[in-house]
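Dumped model.txt below, it's compact mmCIF, N, CA and C atoms:
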```txt
# COMPACT_ATOMS: atom_id res chain seq x y z
N MET A 1396 35.87 21.13 -112.31
CA MET A 1396 36.85 20.19 -112.81
C MET A 1396 38.20 20.54 -112.20
N SER A 1397 38.82 19.59 -111.57
CA SER A 1397 40.10 19.85 -110.94
C SER A 1397 41.22 19.73 -111.97
N ARG A 1398 42.36 20.21 -111.56
CA ARG A 1398 43.50 20.16 -112.47
C ARG A 1398 43.88 18.73 -112.81
N ALA A 1399 43.67 17.82 -111.88
CA ALA A 1399 43.99 16.41 -112.12
C ALA A 1399 43.08 15.81 -113.18
N ASP A 1400 41.87 16.38 -113.34
CA ASP A 1400 40.92 15.87 -114.34
C ASP A 1400 41.18 16.44 -115.73
N THR A 1401 42.01 17.45 -115.83
CA THR A 1401 42.27 18.08 -117.11
C THR A 1401 43.13 17.15 -117.96
N PRO A 1402 42.67 16.87 -119.19
CA PRO A 1402 43.47 15.98 -120.04
C PRO A 1402 44.78 16.65 -120.44
N THR A 1403 45.82 15.87 -120.47
CA THR A 1403 47.10 16.41 -120.89
C THR A 1403 47.28 16.16 -122.38
N ILE A 1404 47.89 17.13 -123.01
CA ILE A 1404 48.16 17.02 -124.44
C ILE A 1404 49.63 16.69 -124.60
N ARG A 1405 49.87 15.54 -125.17
CA ARG A 1405 51.25 15.12 -125.40
C ARG A 1405 51.74 15.73 -126.70
N PRO A 1406 52.97 16.19 -126.70
CA PRO A 1406 53.50 16.77 -127.94
C PRO A 1406 53.59 15.70 -129.03
N ARG A 1407 53.32 16.12 -130.26
CA ARG A 1407 53.42 15.20 -131.39
C ARG A 1407 54.89 14.95 -131.72
N ARG A 1408 55.14 13.74 -132.15
CA ARG A 1408 56.50 13.42 -132.58
C ARG A 1408 56.77 14.10 -133.91
N LYS A 1409 57.97 14.56 -134.08
CA LYS A 1409 58.37 15.21 -135.32
C LYS A 1409 59.16 14.23 -136.16
N LEU A 1410 59.13 14.47 -137.45
CA LEU A 1410 59.94 13.67 -138.37
C LEU A 1410 61.41 14.04 -138.18
N PRO A 1411 62.29 13.11 -138.42
CA PRO A 1411 63.73 13.44 -138.38
C PRO A 1411 64.08 14.48 -139.44
N ALA A 1412 65.13 15.24 -139.20
CA ALA A 1412 65.55 16.33 -140.10
C ALA A 1412 65.80 15.85 -141.53
N ARG A 1413 66.21 14.60 -141.70
CA ARG A 1413 66.53 14.11 -143.05
C ARG A 1413 65.31 14.12 -143.98
N TYR A 1414 64.11 14.18 -143.43
CA TYR A 1414 62.90 14.23 -144.24
C TYR A 1414 62.55 15.63 -144.73
N GLY A 1415 63.29 16.63 -144.29
CA GLY A 1415 63.03 18.01 -144.71
C GLY A 1415 63.08 18.20 -146.21
N ALA A 1416 63.95 17.44 -146.89
CA ALA A 1416 64.08 17.57 -148.34
C ALA A 1416 62.83 17.10 -149.07
N ILE A 1417 62.00 16.29 -148.42
CA ILE A 1417 60.74 15.84 -149.03
C ILE A 1417 59.56 16.65 -148.49
N VAL A 1418 59.58 16.97 -147.21
CA VAL A 1418 58.45 17.66 -146.59
C VAL A 1418 58.33 19.10 -147.10
N THR A 1419 59.47 19.78 -147.32
CA THR A 1419 59.42 21.15 -147.83
C THR A 1419 58.72 21.22 -149.19
N PRO A 1420 59.15 20.46 -150.20
CA PRO A 1420 58.43 20.53 -151.47
C PRO A 1420 57.00 19.99 -151.37
N LEU A 1421 56.75 19.07 -150.45
CA LEU A 1421 55.38 18.58 -150.27
C LEU A 1421 54.46 19.73 -149.87
N PHE A 1422 54.85 20.48 -148.83
CA PHE A 1422 54.00 21.59 -148.39
C PHE A 1422 53.93 22.71 -149.43
N ILE A 1423 55.05 23.03 -150.05
CA ILE A 1423 55.05 24.08 -151.08
C ILE A 1423 54.13 23.67 -152.23
N SER A 1424 54.23 22.44 -152.68
CA SER A 1424 53.42 22.00 -153.82
C SER A 1424 51.93 21.97 -153.47
N ILE A 1425 51.60 21.58 -152.24
CA ILE A 1425 50.19 21.57 -151.84
C ILE A 1425 49.63 22.99 -151.86
N LEU A 1426 50.34 23.91 -151.21
CA LEU A 1426 49.83 25.28 -151.11
C LEU A 1426 49.82 25.99 -152.47
N MET A 1427 50.92 25.92 -153.19
CA MET A 1427 51.00 26.64 -154.46
C MET A 1427 50.05 26.08 -155.50
N SER A 1428 49.94 24.75 -155.61
CA SER A 1428 49.03 24.20 -156.61
C SER A 1428 47.58 24.51 -156.25
N CYS A 1429 47.25 24.57 -154.97
CA CYS A 1429 45.90 24.93 -154.54
C CYS A 1429 45.58 26.36 -154.97
N ILE A 1430 46.48 27.29 -154.66
CA ILE A 1430 46.25 28.69 -154.97
C ILE A 1430 46.21 28.93 -156.48
N VAL A 1431 47.20 28.42 -157.18
CA VAL A 1431 47.28 28.66 -158.62
C VAL A 1431 46.13 27.99 -159.37
N SER A 1432 45.79 26.75 -159.01
CA SER A 1432 44.67 26.09 -159.69
C SER A 1432 43.35 26.78 -159.37
N GLY A 1433 43.21 27.30 -158.15
CA GLY A 1433 41.99 28.04 -157.80
C GLY A 1433 41.84 29.30 -158.62
N ILE A 1434 42.92 30.07 -158.73
CA ILE A 1434 42.88 31.30 -159.52
C ILE A 1434 42.65 30.98 -160.99
N SER A 1435 43.35 29.98 -161.50
CA SER A 1435 43.20 29.61 -162.90
C SER A 1435 41.80 29.10 -163.22
N THR A 1436 41.25 28.29 -162.33
CA THR A 1436 39.90 27.77 -162.53
C THR A 1436 38.89 28.90 -162.48
N LEU A 1437 39.03 29.80 -161.51
CA LEU A 1437 38.12 30.94 -161.40
C LEU A 1437 38.20 31.81 -162.64
N ASN A 1438 39.42 32.05 -163.12
CA ASN A 1438 39.61 32.85 -164.33
C ASN A 1438 39.03 32.15 -165.57
N GLY A 1439 39.14 30.83 -165.61
CA GLY A 1439 38.70 30.09 -166.78
C GLY A 1439 37.19 29.88 -166.87
N ILE A 1440 36.56 29.56 -165.74
CA ILE A 1440 35.12 29.23 -165.80
C ILE A 1440 34.25 30.18 -165.00
N GLY A 1441 34.87 31.01 -164.17
CA GLY A 1441 34.09 31.93 -163.34
C GLY A 1441 33.53 31.21 -162.13
N LEU A 1442 32.83 31.97 -161.32
CA LEU A 1442 32.26 31.44 -160.09
C LEU A 1442 30.90 30.82 -160.41
N ILE A 1443 30.92 29.60 -160.93
CA ILE A 1443 29.71 28.91 -161.35
C ILE A 1443 29.32 27.86 -160.33
N SER A 1444 28.13 27.32 -160.50
CA SER A 1444 27.73 26.19 -159.67
C SER A 1444 28.65 25.02 -159.99
N GLY A 1445 29.16 24.37 -158.97
CA GLY A 1445 30.08 23.27 -159.18
C GLY A 1445 31.53 23.70 -159.25
N PHE A 1446 31.79 24.98 -158.97
CA PHE A 1446 33.15 25.52 -159.04
C PHE A 1446 34.11 24.72 -158.16
N ILE A 1447 33.70 24.45 -156.93
CA ILE A 1447 34.58 23.76 -155.99
C ILE A 1447 35.00 22.39 -156.53
N GLU A 1448 34.06 21.65 -157.09
CA GLU A 1448 34.39 20.33 -157.63
C GLU A 1448 35.39 20.42 -158.78
N VAL A 1449 35.17 21.39 -159.68
CA VAL A 1449 36.09 21.57 -160.80
C VAL A 1449 37.47 21.98 -160.29
N TRP A 1450 37.48 22.89 -159.30
CA TRP A 1450 38.74 23.34 -158.72
C TRP A 1450 39.49 22.19 -158.05
N MET A 1451 38.79 21.36 -157.29
CA MET A 1451 39.45 20.26 -156.61
C MET A 1451 40.05 19.26 -157.60
N GLN A 1452 39.36 19.04 -158.71
CA GLN A 1452 39.90 18.15 -159.73
C GLN A 1452 41.15 18.78 -160.36
N ALA A 1453 41.08 20.07 -160.65
CA ALA A 1453 42.24 20.77 -161.21
C ALA A 1453 43.40 20.77 -160.21
N TRP A 1454 43.08 20.95 -158.93
CA TRP A 1454 44.11 20.97 -157.90
C TRP A 1454 44.81 19.61 -157.82
N GLY A 1455 44.04 18.54 -157.85
CA GLY A 1455 44.63 17.21 -157.80
C GLY A 1455 45.59 16.97 -158.95
N THR A 1456 45.15 17.35 -160.14
CA THR A 1456 46.01 17.19 -161.32
C THR A 1456 47.26 18.06 -161.19
N SER A 1457 47.07 19.29 -160.74
CA SER A 1457 48.20 20.21 -160.58
C SER A 1457 49.20 19.69 -159.56
N TRP A 1458 48.70 19.16 -158.44
CA TRP A 1458 49.61 18.69 -157.40
C TRP A 1458 50.42 17.48 -157.86
N VAL A 1459 49.77 16.56 -158.59
CA VAL A 1459 50.46 15.37 -159.07
C VAL A 1459 51.65 15.76 -159.97
N ILE A 1460 51.53 16.87 -160.65
CA ILE A 1460 52.61 17.36 -161.51
C ILE A 1460 53.60 18.20 -160.70
N ALA A 1461 53.08 19.06 -159.82
CA ALA A 1461 53.91 20.02 -159.09
C ALA A 1461 54.88 19.34 -158.12
N PHE A 1462 54.44 18.32 -157.40
CA PHE A 1462 55.29 17.74 -156.37
C PHE A 1462 56.56 17.11 -156.95
N PRO A 1463 56.48 16.24 -157.95
CA PRO A 1463 57.74 15.69 -158.47
C PRO A 1463 58.62 16.74 -159.13
N ILE A 1464 58.00 17.75 -159.76
CA ILE A 1464 58.81 18.80 -160.37
C ILE A 1464 59.57 19.57 -159.30
N LEU A 1465 58.92 19.85 -158.18
CA LEU A 1465 59.61 20.54 -157.09
C LEU A 1465 60.76 19.71 -156.53
N ILE A 1466 60.58 18.42 -156.43
CA ILE A 1466 61.66 17.55 -155.95
C ILE A 1466 62.88 17.71 -156.85
N ILE A 1467 62.65 17.81 -158.15
CA ILE A 1467 63.74 17.92 -159.12
C ILE A 1467 64.32 19.33 -159.14
N VAL A 1468 63.48 20.35 -159.10
CA VAL A 1468 63.91 21.73 -159.31
C VAL A 1468 64.44 22.42 -158.05
N LEU A 1469 63.98 22.03 -156.89
CA LEU A 1469 64.36 22.73 -155.66
C LEU A 1469 65.87 22.78 -155.42
N PRO A 1470 66.63 21.72 -155.65
CA PRO A 1470 68.09 21.85 -155.48
C PRO A 1470 68.71 22.89 -156.42
N VAL A 1471 68.21 22.98 -157.64
CA VAL A 1471 68.70 23.97 -158.59
C VAL A 1471 68.36 25.38 -158.09
N VAL A 1472 67.15 25.56 -157.60
CA VAL A 1472 66.73 26.85 -157.07
C VAL A 1472 67.59 27.25 -155.87
N ARG A 1473 67.90 26.31 -155.01
CA ARG A 1473 68.75 26.61 -153.84
C ARG A 1473 70.14 27.07 -154.29
N ARG A 1474 70.69 26.43 -155.32
CA ARG A 1474 72.00 26.85 -155.83
C ARG A 1474 71.94 28.24 -156.46
N LEU A 1475 70.86 28.52 -157.20
CA LEU A 1475 70.70 29.84 -157.80
C LEU A 1475 70.57 30.91 -156.72
N VAL A 1476 69.80 30.64 -155.68
CA VAL A 1476 69.66 31.60 -154.58
C VAL A 1476 71.00 31.83 -153.89
N ALA A 1477 71.75 30.76 -153.65
CA ALA A 1477 73.06 30.90 -153.02
C ALA A 1477 74.01 31.72 -153.89
N ALA A 1478 73.83 31.69 -155.21
CA ALA A 1478 74.70 32.44 -156.11
C ALA A 1478 74.38 33.93 -156.11
N VAL A 1479 73.15 34.31 -155.76
CA VAL A 1479 72.78 35.73 -155.83
C VAL A 1479 72.52 36.37 -154.47
N VAL A 1480 72.47 35.57 -153.41
CA VAL A 1480 72.20 36.11 -152.07
C VAL A 1480 73.46 35.93 -151.21
N GLU A 1481 73.88 37.03 -150.60
CA GLU A 1481 75.06 36.98 -149.75
C GLU A 1481 74.79 36.10 -148.53
N GLN A 1482 75.73 35.25 -148.23
CA GLN A 1482 75.60 34.36 -147.08
C GLN A 1482 75.98 35.12 -145.80
N PRO A 1483 75.28 34.86 -144.71
CA PRO A 1483 75.61 35.57 -143.46
C PRO A 1483 76.98 35.17 -142.93
N ALA A 1484 77.65 36.10 -142.29
CA ALA A 1484 78.95 35.81 -141.69
C ALA A 1484 78.76 34.90 -140.48
N ARG A 1485 79.64 33.95 -140.33
CA ARG A 1485 79.53 33.02 -139.20
C ARG A 1485 80.50 33.35 -138.12
```
As structure tokens:
Amino acid sequence: MSRADTPTIRPRRKLPARYGAIVTPLFISILMSCIVSGISTLNGIGLISGFIEVWMQAWGTSWVIAFPILIIVLPVVRRLVAAVVEQPAR
């Protein structure tokens, strides 16, 4: 296969920076609700047959609650962090 035959991979377009305020809590809520609901489900019912299905249902419910709460709480958390963490010198 020659170099001319090699398919080129075009870079994916990125979202504009203004979407960061939504994308950050989106990713945090997906990851955290997955981990926490998995641990909670495992602790509650153990590693039984059908565990994955129960976990996925719990994860869905957790995410539906976690995402809007993060949208509301994240600005408060940023202000609290700014109040206790020294800002770098510019």
Checklist entry - How would you write, as an MDAnalysis selection string, the set of residues in region 1400-1483 of chain A that DSSP gives as alpha helix (DSSP H)? => result chainID A and resid 1415:1440 1446:1479
Checklist entry - Between atom C of Ile1423 (chain A) and atom C of Met1451 (chain A), what is the distance, to one decimal in Å? => result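 Taking atom C of Ile1423 (chain A) and atom C of Met1451 (chain A), their separation equals 15.7 Å.
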Checklist entry - What lies within 7 Å of region 1430-1432 of chain A using all atoms listed in the file, ignoring chain neighbours under 6 positions off, as number ranges by chain? => result A: 1450, 1453-1454, 1457
Since we have the selection now, will you write its residues out, keeping N, CA and C atoms, as a compact mmCIF listing (two decimals), keeping the file's coordinate frame?
```txt
# COMPACT_ATOMS: atom_id res chain seq x y z
N TRP A 1450 37.48 22.89 -159.30
CA TRP A 1450 38.74 23.34 -158.72
C TRP A 1450 39.49 22.19 -158.05
N ALA A 1453 41.08 20.07 -160.65
CA ALA A 1453 42.24 20.77 -161.21
C ALA A 1453 43.40 20.77 -160.21
N TRP A 1454 43.08 20.95 -158.93
CA TRP A 1454 44.11 20.97 -157.90
C TRP A 1454 44.81 19.61 -157.82
N SER A 1457 47.07 19.29 -160.74
CA SER A 1457 48.20 20.21 -160.58
C SER A 1457 49.20 19.69 -159.56
```
Next on the checklist: Report, in Å to a single decimal, how far apart CA of Gln1482 (chain A) and CA of Gly1415 (chain A) are.
Outcome noted: 20.8 Å
Next on the checklist: Rounded to one decimal, what separation in Å do you get between CA of Leu1469 (chain A) and CA of Arg1408 (chain A)?
Outcome noted: 26.1 Å
Listed atoms of region 1459-1471 of chain A, axis-aligned box, 5 Å per side: centre and edge lengths to one decimal in Å, as AutoDock Vina command-line options?
```
--center_x 59.2 --center_y 20.4 --center_z -158.5 --size_x 28.9 --size_y 20.0 --size_z 16.1
```
Checklist entry - Hey, what's within 8 Å of Val1449 (chain A) if we count all atoms listed in the file and toss same-chain stuff fewer than 6 positions away? As a ChimeraX atom specification, please? => result /A:1432-1433,1436,1455
Item to check | Selection near region 1459-1463 of chain A, 6.5 Å with all atoms listed in the file, sequence-local residues under 5 positions removed, as a list in words | outcome: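 Once the nearby chain positions are removed, what remains is Pro1420, Leu1421, Ser1424, Trp1454 and Val1468 of chain A.
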Writer output for current selection, N, CA and C atoms, as a PDB file, in the coordinates of the input:
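Output saved as out35.pdb:
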```
ATOM      1  N   PRO A1420      59.150  20.460-150.200  1.00  0.00           N
ATOM      2  CA  PRO A1420      58.430  20.530-151.470  1.00  0.00           C
ATOM      3  C   PRO A1420      57.000  19.990-151.370  1.00  0.00           C
ATOM      4  N   LEU A1421      56.750  19.070-150.450  1.00  0.00           N
ATOM      5  CA  LEU A1421      55.380  18.580-150.270  1.00  0.00           C
ATOM      6  C   LEU A1421      54.460  19.730-149.870  1.00  0.00           C
ATOM      7  N   SER A1424      54.230  22.440-152.680  1.00  0.00           N
ATOM      8  CA  SER A1424      53.420  22.000-153.820  1.00  0.00           C
ATOM      9  C   SER A1424      51.930  21.970-153.470  1.00  0.00           C
ATOM     10  N   TRP A1454      43.080  20.950-158.930  1.00  0.00           N
ATOM     11  CA  TRP A1454      44.110  20.970-157.900  1.00  0.00           C
ATOM     12  C   TRP A1454      44.810  19.610-157.820  1.00  0.00           C
ATOM     13  N   VAL A1468      63.480  20.350-159.100  1.00  0.00           N
ATOM     14  CA  VAL A1468      63.910  21.730-159.310  1.00  0.00           C
ATOM     15  C   VAL A1468      64.440  22.420-158.050  1.00  0.00           C
TER      16      VAL A1468
END
```
Can you take the partial region 1413-1424 of chain A, add all heavy atoms, and return it as a PDB file, in the coordinates of the input?
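Okay, result_22.pdb is ready:
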```pdb
ATOM      1  N   ARG A1413      66.210  14.600-141.700  1.00  0.00           N
ATOM      2  CA  ARG A1413      66.530  14.110-143.050  1.00  0.00           C
ATOM      3  C   ARG A1413      65.310  14.120-143.980  1.00  0.00           C
ATOM      4  O   ARG A1413      65.461  14.071-145.194  1.00  0.00           O
ATOM      5  CB  ARG A1413      67.141  12.716-142.989  1.00  0.00           C
ATOM      6  CG  ARG A1413      66.182  11.635-142.540  1.00  0.00           C
ATOM      7  CD  ARG A1413      66.871  10.267-142.522  1.00  0.00           C
ATOM      8  NE  ARG A1413      65.972   9.230-142.116  1.00  0.00           N
ATOM      9  CZ  ARG A1413      65.804   8.784-140.887  1.00  0.00           C
ATOM     10  NH1 ARG A1413      66.518   9.303-139.906  1.00  0.00           N
ATOM     11  NH2 ARG A1413      64.958   7.816-140.624  1.00  0.00           N
ATOM     12  N   TYR A1414      64.110  14.180-143.430  1.00  0.00           N
ATOM     13  CA  TYR A1414      62.900  14.230-144.240  1.00  0.00           C
ATOM     14  C   TYR A1414      62.550  15.630-144.730  1.00  0.00           C
ATOM     15  O   TYR A1414      61.618  15.814-145.500  1.00  0.00           O
ATOM     16  CB  TYR A1414      61.711  13.633-143.483  1.00  0.00           C
ATOM     17  CG  TYR A1414      61.837  12.150-143.272  1.00  0.00           C
ATOM     18  CD1 TYR A1414      62.168  11.629-142.030  1.00  0.00           C
ATOM     19  CD2 TYR A1414      61.644  11.261-144.326  1.00  0.00           C
ATOM     20  CE1 TYR A1414      62.295  10.262-141.833  1.00  0.00           C
ATOM     21  CE2 TYR A1414      61.786   9.902-144.140  1.00  0.00           C
ATOM     22  CZ  TYR A1414      62.108   9.408-142.892  1.00  0.00           C
ATOM     23  OH  TYR A1414      62.243   8.064-142.706  1.00  0.00           O
ATOM     24  N   GLY A1415      63.290  16.630-144.290  1.00  0.00           N
ATOM     25  CA  GLY A1415      63.030  18.010-144.710  1.00  0.00           C
ATOM     26  C   GLY A1415      63.080  18.200-146.210  1.00  0.00           C
ATOM     27  O   GLY A1415      62.345  19.006-146.767  1.00  0.00           O
ATOM     28  N   ALA A1416      63.950  17.440-146.890  1.00  0.00           N
ATOM     29  CA  ALA A1416      64.080  17.570-148.340  1.00  0.00           C
ATOM     30  C   ALA A1416      62.830  17.100-149.070  1.00  0.00           C
ATOM     31  O   ALA A1416      62.616  17.470-150.228  1.00  0.00           O
ATOM     32  CB  ALA A1416      65.298  16.778-148.822  1.00  0.00           C
ATOM     33  N   ILE A1417      62.000  16.290-148.420  1.00  0.00           N
ATOM     34  CA  ILE A1417      60.740  15.840-149.030  1.00  0.00           C
ATOM     35  C   ILE A1417      59.560  16.650-148.490  1.00  0.00           C
ATOM     36  O   ILE A1417      58.649  17.009-149.239  1.00  0.00           O
ATOM     37  CB  ILE A1417      60.517  14.334-148.749  1.00  0.00           C
ATOM     38  CG1 ILE A1417      61.591  13.501-149.422  1.00  0.00           C
ATOM     39  CG2 ILE A1417      59.130  13.885-149.167  1.00  0.00           C
ATOM     40  CD1 ILE A1417      61.571  13.533-150.929  1.00  0.00           C
ATOM     41  N   VAL A1418      59.580  16.970-147.210  1.00  0.00           N
ATOM     42  CA  VAL A1418      58.450  17.660-146.590  1.00  0.00           C
ATOM     43  C   VAL A1418      58.330  19.100-147.100  1.00  0.00           C
ATOM     44  O   VAL A1418      57.223  19.594-147.334  1.00  0.00           O
ATOM     45  CB  VAL A1418      58.557  17.621-145.050  1.00  0.00           C
ATOM     46  CG1 VAL A1418      57.495  18.472-144.390  1.00  0.00           C
ATOM     47  CG2 VAL A1418      58.454  16.177-144.559  1.00  0.00           C
ATOM     48  N   THR A1419      59.470  19.780-147.320  1.00  0.00           N
ATOM     49  CA  THR A1419      59.420  21.150-147.830  1.00  0.00           C
ATOM     50  C   THR A1419      58.720  21.220-149.190  1.00  0.00           C
ATOM     51  O   THR A1419      57.745  21.964-149.334  1.00  0.00           O
ATOM     52  CB  THR A1419      60.835  21.757-147.905  1.00  0.00           C
ATOM     53  OG1 THR A1419      61.370  21.817-146.585  1.00  0.00           O
ATOM     54  CG2 THR A1419      60.814  23.146-148.518  1.00  0.00           C
ATOM     55  N   PRO A1420      59.150  20.460-150.200  1.00  0.00           N
ATOM     56  CA  PRO A1420      58.430  20.530-151.470  1.00  0.00           C
ATOM     57  C   PRO A1420      57.000  19.990-151.370  1.00  0.00           C
ATOM     58  O   PRO A1420      56.126  20.415-152.125  1.00  0.00           O
ATOM     59  CB  PRO A1420      59.278  19.702-152.436  1.00  0.00           C
ATOM     60  CG  PRO A1420      60.254  18.962-151.619  1.00  0.00           C
ATOM     61  CD  PRO A1420      60.366  19.647-150.310  1.00  0.00           C
ATOM     62  N   LEU A1421      56.750  19.070-150.450  1.00  0.00           N
ATOM     63  CA  LEU A1421      55.380  18.580-150.270  1.00  0.00           C
ATOM     64  C   LEU A1421      54.460  19.730-149.870  1.00  0.00           C
ATOM     65  O   LEU A1421      53.424  19.954-150.506  1.00  0.00           O
ATOM     66  CB  LEU A1421      55.346  17.473-149.205  1.00  0.00           C
ATOM     67  CG  LEU A1421      53.947  16.971-148.833  1.00  0.00           C
ATOM     68  CD1 LEU A1421      53.329  16.204-149.993  1.00  0.00           C
ATOM     69  CD2 LEU A1421      54.023  16.110-147.585  1.00  0.00           C
ATOM     70  N   PHE A1422      54.850  20.480-148.830  1.00  0.00           N
ATOM     71  CA  PHE A1422      54.000  21.590-148.390  1.00  0.00           C
ATOM     72  C   PHE A1422      53.930  22.710-149.430  1.00  0.00           C
ATOM     73  O   PHE A1422      52.858  23.274-149.662  1.00  0.00           O
ATOM     74  CB  PHE A1422      54.503  22.156-147.054  1.00  0.00           C
ATOM     75  CG  PHE A1422      54.220  21.263-145.877  1.00  0.00           C
ATOM     76  CD1 PHE A1422      55.055  21.272-144.777  1.00  0.00           C
ATOM     77  CD2 PHE A1422      53.134  20.414-145.852  1.00  0.00           C
ATOM     78  CE1 PHE A1422      54.801  20.464-143.671  1.00  0.00           C
ATOM     79  CE2 PHE A1422      52.876  19.595-144.764  1.00  0.00           C
ATOM     80  CZ  PHE A1422      53.704  19.620-143.677  1.00  0.00           C
ATOM     81  N   ILE A1423      55.050  23.030-150.050  1.00  0.00           N
ATOM     82  CA  ILE A1423      55.050  24.080-151.080  1.00  0.00           C
ATOM     83  C   ILE A1423      54.130  23.670-152.230  1.00  0.00           C
ATOM     84  O   ILE A1423      53.335  24.484-152.718  1.00  0.00           O
ATOM     85  CB  ILE A1423      56.472  24.362-151.602  1.00  0.00           C
ATOM     86  CG1 ILE A1423      57.304  25.040-150.520  1.00  0.00           C
ATOM     87  CG2 ILE A1423      56.427  25.241-152.856  1.00  0.00           C
ATOM     88  CD1 ILE A1423      58.781  25.170-150.876  1.00  0.00           C
ATOM     89  N   SER A1424      54.230  22.440-152.680  1.00  0.00           N
ATOM     90  CA  SER A1424      53.420  22.000-153.820  1.00  0.00           C
ATOM     91  C   SER A1424      51.930  21.970-153.470  1.00  0.00           C
ATOM     92  O   SER A1424      51.094  22.316-154.296  1.00  0.00           O
ATOM     93  CB  SER A1424      53.878  20.632-154.319  1.00  0.00           C
ATOM     94  OG  SER A1424      53.658  19.607-153.364  1.00  0.00           O
TER      95      SER A1424
END
```
